[in-house]
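Heads up: the structure comes next, in C-alpha cells.
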Amino acid sequence: MNPMSSLIKLIKKTYQMAGAQEGKVVMGNVASLSWLQVITYALPMILLPYLFRMLGAEKFGLIAFAQAFVQYFMILTDYGFNVSATKEISLYQDDHTKVRRIFSAIMTAKIGLFFISFIILSTLVYFVPKFRGDWLVYMLCFPAVLGSTLFPVWFFQGMEKMKYIAQLNIIGSIFYAICIFTFIHKPQDYLLVPFISSCASLIVGLFGQYFVIKKFSISPYFPSYKEIQQQLEAGWNIFIAALAVNAYTTTRVFAVGMLTNNTLTGYYSIAERIANAVQTFPLYSFSQAIFPRLSNIYQKNHLKAFNMMQQIQQITITISLICLPIVFILANLLVSIVCGGNYPAAVLSVRLLIIAVFFVSANAFRVQFLLVCGETKIYSRIHMTMAVIGLPLILLLISFYSYVGAAMATVAIEGGIFTLTYFAVKRLTFSLITPSK
C-alpha cells in the first residue's frame, strides 16, 4: 500500500463512519486545513534555508530561543480554551445566544491573561541578565502573543468553519514570506524577523475578530465574573496538561539555549522544525477537523465515536510507517539543504525526532478521544507524569550530549506518552464494548 492510497482510504473511512452529512462537513474542513498545511509546509522549506544563510547560525539561534521563550506566554493565554471552548461551542453551534456568551467570556479571560503575561515578561527581561542583553528581541517577539490571543481558532473549530482559519493563516504566511525576502539580507537585519512575525500574527488575529463579528453576528459584551470563572474551570485541566506538554516540547529549544549557546540552538532548532513539518502534515488537518465532529458523535453514540477513532488511528499508523522512513533516510539531504553544509549532529537529531514523530502520529487520535470523552483529568495526569520524568531527562541528556540529548529525550518521552495513553484508552473503552448486565 502506498502513501496516497492509504490517505485516500483514510478519507473514505472518515466519510463513511461519520455519515453522509457529517462526512461532508468533516471533509470540507479537512480540505480547508490541508490547503493551509500545504502553504505552511512549503513556505518553511523555502524560508528556513534563506533565513539560516542570511542570519547565520548564531542570530538564527537567538531568534529561535526568544520565540521558544515567548511560546510560554502563548500557552498561558491559550490556557486550554483551544480544547475546552472548541468542544463547548461545537455542542451549541445552533444556539446563538449561548455561543455569544461563551465567546465573550473566553475573550475576556484571554485578554486578562495577556496583560498578566506582559507584566511577567517585562519583569524577567529587566531583572534576568540572560534576557536583558537582548531585551529588544524578546519585546519584538511578544506582540505575537497578542495576535495569538486575538485569533479565535477555538471558535472557528467549534463552529466547524475551518476555512476561515485556513484563509487567514495563508494570508499571514504569505505576508510574512514576502516581508522576509524583501527586508532580510544580512545578519544585521535579525531584529526585523521577530518584528515581521509579530506583525503577521497581529494581522491574522485582528481579521479573525472581524470575521467573528461580521460573519457570525457575534457582538461581544463584558461577561459576569461567574461566566469567566466557569470557562477558566473548564479549561484548567487542559491548561495544566499544556504546561506539562510544554515542559518537554518548547522547553527543549529553551533548554538547549540555556545550556549551550545560540549557534548550537540554531542547529537544533533546524532539526526540530524539519521534524515538526513532517509531524503536522497532513496529521494536523485531520485531527483539527475531526475533533469537533467526533465530540458531536460521541454525545449521540459512544461506541460509534470509539470505532471511528480506532479506524482513523490505524490508517494513520499505516501512513506513518510508509512515509517516516523516507524522511529518516533523507535527513542528511534535508539538513544540507537548510544549513548549506554537513552537520552530523543535526542529522542525528532529525532522525531521532522522526522516531518521536511516529509515536505522536500513532497516538494522536487516542489522545483526542480522551478529550472527546471529557477525561481531561486522565489526559492531564499522563502529561504531568511525563513532564516530571521528561524535564530532568532533557536537562541531563543535553548536559552530556549537547543538543542531540534533547532529541534523545524526546524519543523516550513520546514513547512513554504513547504507552500510558494506549492503556488509559483501553481501560476507558472497555465499558463501551462490554454489554452492561
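Chains: A, B, ... in order of the C-alpha cells. Residues: from 1 per chain. Ligands: from 1, in order shown.
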
Inset, instruction - From stretch 98-288 of chain A, collect each residue whose DSSP state is alpha helix (DSSP H) and return the set as JSON, numbers by chain. - result: {"A": [98, 99, 100, 101, 102, 103, 104, 105, 106, 107, 108, 109, 110, 111, 112, 113, 114, 115, 116, 117, 118, 119, 120, 121, 122, 123, 124, 125, 126, 127, 129, 130, 131, 132, 135, 136, 137, 138, 139, 140, 141, 143, 144, 145, 146, 147, 148, 149, 150, 153, 154, 155, 156, 157, 158, 162, 163, 164, 165, 166, 167, 168, 169, 170, 171, 172, 173, 174, 175, 176, 177, 178, 179, 180, 181, 182, 183, 192, 193, 194, 195, 196, 197, 198, 199, 200, 201, 202, 203, 204, 205, 206, 207, 208, 209, 210, 211, 212, 213, 214, 215, 225, 226, 227, 228, 229, 230, 231, 232, 233, 234, 235, 236, 237, 238, 239, 240, 241, 242, 243, 244, 245, 246, 247, 248, 250, 251, 252, 253, 254, 255, 256, 257, 258, 259, 262, 263, 264, 265, 266, 267, 268, 269, 270, 271, 272, 273, 274, 275, 276, 277, 278, 279, 280, 283, 284, 285, 286, 287, 288]}

Inset, instruction - Pick out the residues sitting within 9 Å of stretch 318-335 of chain A, and hand them over as a PyMOL selection string; count only C-alpha atoms, and ignore anything fewer than 4 positions along from it in its own chain. - result: chain A and resi 1-4+6-7+270-271+274-275+278+313-314+339-344+346-348+350-352+354-355+357-358+361-362

Legend entry - A:Ala424, A:Val153, A:Val70, A:Ala105 ranked by distance to A:Leu121, top pick (using only C-alpha atoms):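 Closest to A:Leu121 of all the choices is A:Val70.
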
Legend entry - Test item: residues at most 12 Å from A:Gly415, only C-alpha atoms, excluding those fewer than 3 positions along its chain, as a list in words: Leu352, Leu353, Ile355, Ala356, Val357, Phe358, Phe359, Val360, Ser361, Ala362, Asn363, Met386, Gly390, Met408, Ala409, Thr410, Val411, Ala412, Phe418, Thr419, Leu420, Thr421 and Tyr422 of chain A

Legend entry - Distance in Å - atom CA of A:Leu113 versus atom CA of A:Thr77: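 Separation of atom CA of A:Leu113 and atom CA of A:Thr77: 5.3 Å.
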
Legend entry - Selection near A:Gln67, 9 Å with only C-alpha atoms, sequence-local residues under 2 positions removed, as a ChimeraX atom specification: /A:62-65,69-71,138,141-142,194,254

Any chance you can output those residues with C-alpha atoms as a PDB file, in the first residue's frame?
ATOM      1  CA  LEU A  62      18.929  33.686  19.216  1.00  0.00           C
ATOM      2  CA  ILE A  63      15.583  34.250  17.494  1.00  0.00           C
ATOM      3  CA  ALA A  64      14.638  30.581  17.939  1.00  0.00           C
ATOM      4  CA  PHE A  65      15.447  30.859  21.656  1.00  0.00           C
ATOM      5  CA  PHE A  69      10.602  31.755  25.462  1.00  0.00           C
ATOM      6  CA  VAL A  70       7.595  33.723  24.213  1.00  0.00           C
ATOM      7  CA  GLN A  71       5.796  30.439  23.493  1.00  0.00           C
ATOM      8  CA  TYR A 138      12.057  39.491  23.268  1.00  0.00           C
ATOM      9  CA  CYS A 141       8.621  38.715  19.669  1.00  0.00           C
ATOM     10  CA  PHE A 142       5.980  39.432  22.294  1.00  0.00           C
ATOM     11  CA  PRO A 194      10.563  38.899  15.089  1.00  0.00           C
ATOM     12  CA  PHE A 254      14.764  26.772  25.520  1.00  0.00           C
TER      13      PHE A 254
END

Legend entry - Non-local contacts of A:Glu58 (7 Å; only C-alpha atoms; under 4 positions in same chain excluded) as a list in words: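 That gives Leu62, Asn262, Thr263 and Gly266 of chain A.
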
Using the selection just defined, write its residues with N, CA and C atoms as an mmCIF file, in the first residue's frame.
data_model
loop_
_atom_site.group_PDB
_atom_site.id
_atom_site.type_symbol
_atom_site.label_atom_id
_atom_site.label_comp_id
_atom_site.auth_asym_id
_atom_site.auth_seq_id
_atom_site.Cartn_x
_atom_site.Cartn_y
_atom_site.Cartn_z
ATOM 1 N N LEU A 62 19.437 32.699 18.257
ATOM 2 C CA LEU A 62 18.929 33.686 19.216
ATOM 3 C C LEU A 62 17.429 33.896 19.025
ATOM 4 N N ASN A 262 23.901 30.153 21.328
ATOM 5 C CA ASN A 262 22.948 30.475 20.265
ATOM 6 C C ASN A 262 23.209 29.689 18.985
ATOM 7 N N THR A 263 24.478 29.436 18.690
ATOM 8 C CA THR A 263 24.812 28.712 17.461
ATOM 9 C C THR A 263 24.274 27.292 17.490
ATOM 10 N N GLY A 266 20.628 27.187 17.187
ATOM 11 C CA GLY A 266 20.199 27.338 15.799
ATOM 12 C C GLY A 266 20.150 26.015 15.075
#

Inset, instruction - Pick out the residues sitting within 9 Å of A:Asn237, and hand them over as a list in words; count only C-alpha atoms, and ignore anything fewer than 4 positions along from it in its own chain. - result: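 Using only C-alpha atoms, the neighbours found are Gly80, Glu233, Ala241, Ala242, Thr376, Lys377, Tyr379, Ser380 and Arg381 of chain A.
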
Inset, instruction - Compile the contact shell of A:Thr149 as a list in words: residues with an atom at most 9 Å away, counting only C-alpha atoms, same-chain residues fewer than 5 positions apart removed. - result: Met74, Thr77, Asp78, Met107, Lys110, Ile111, Leu113, Phe114, Ala144 and Gly205 of chain A

Write a file of the just-selected residues containing N, CA, C and O atoms, as a CSV table (one decimal), in the first residue's frame.
chain,number,residue,atom,x,y,z
A,74,MET,N,2.2,32.3,25.2
A,74,MET,CA,1.1,31.8,24.3
A,74,MET,C,0.3,30.7,25.0
A,74,MET,O,-0.9,30.6,24.8
A,77,THR,N,-1.9,32.3,27.6
A,77,THR,CA,-3.1,33.0,27.1
A,77,THR,C,-4.1,32.0,26.4
A,77,THR,O,-5.3,32.2,26.4
A,78,ASP,N,-3.5,30.9,25.8
A,78,ASP,CA,-4.4,29.8,25.3
A,78,ASP,C,-5.2,29.1,26.4
A,78,ASP,O,-6.3,28.7,26.2
A,107,MET,N,-12.9,35.4,25.5
A,107,MET,CA,-12.0,36.5,25.1
A,107,MET,C,-11.6,37.4,26.2
A,107,MET,O,-10.5,37.9,26.3
A,110,LYS,N,-8.9,35.7,28.1
A,110,LYS,CA,-7.7,35.6,27.4
A,110,LYS,C,-7.0,37.0,27.4
A,110,LYS,O,-5.7,37.1,27.5
A,111,ILE,N,-7.7,38.1,27.3
A,111,ILE,CA,-7.1,39.4,27.3
A,111,ILE,C,-6.5,39.7,28.7
A,111,ILE,O,-5.4,40.3,28.8
A,113,LEU,N,-5.3,37.4,30.7
A,113,LEU,CA,-4.1,36.6,30.8
A,113,LEU,C,-3.0,37.2,29.9
A,113,LEU,O,-1.8,37.1,30.3
A,114,PHE,N,-3.3,37.9,28.9
A,114,PHE,CA,-2.3,38.6,28.1
A,114,PHE,C,-1.6,39.7,28.9
A,114,PHE,O,-0.4,39.8,28.8
A,144,ALA,N,3.4,38.9,19.1
A,144,ALA,CA,2.9,37.6,18.5
A,144,ALA,C,1.9,37.0,19.5
A,144,ALA,O,1.0,36.3,19.1
A,205,GLY,N,-4.8,37.9,13.8
A,205,GLY,CA,-5.7,38.0,15.0
A,205,GLY,C,-6.8,39.0,14.8
A,205,GLY,O,-7.9,38.7,15.2

Find the nearest atom pair between each residue of stretch 161-275 of chain A and stretch 94-100 of chain A for residues within 8 Å, count only C-alpha atoms, give distances in Å to one decimal, sort rows by chain and ascending number, and present the table as a tab-separated table.
residue	atom	partner	partner_atom	distance
A:Ile218	CA	A:Arg100	CA	5.8
A:Ser219	CA	A:Arg100	CA	7.1
A:Pro220	CA	A:Arg100	CA	6.7

Legend entry - Interatomic distance (Å, one decimal) between atom CA of A:Ala345 and atom CA of A:Ser402: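 Computing the Euclidean distance for atom CA of A:Ala345 and atom CA of A:Ser402 yields 9.2 Å.
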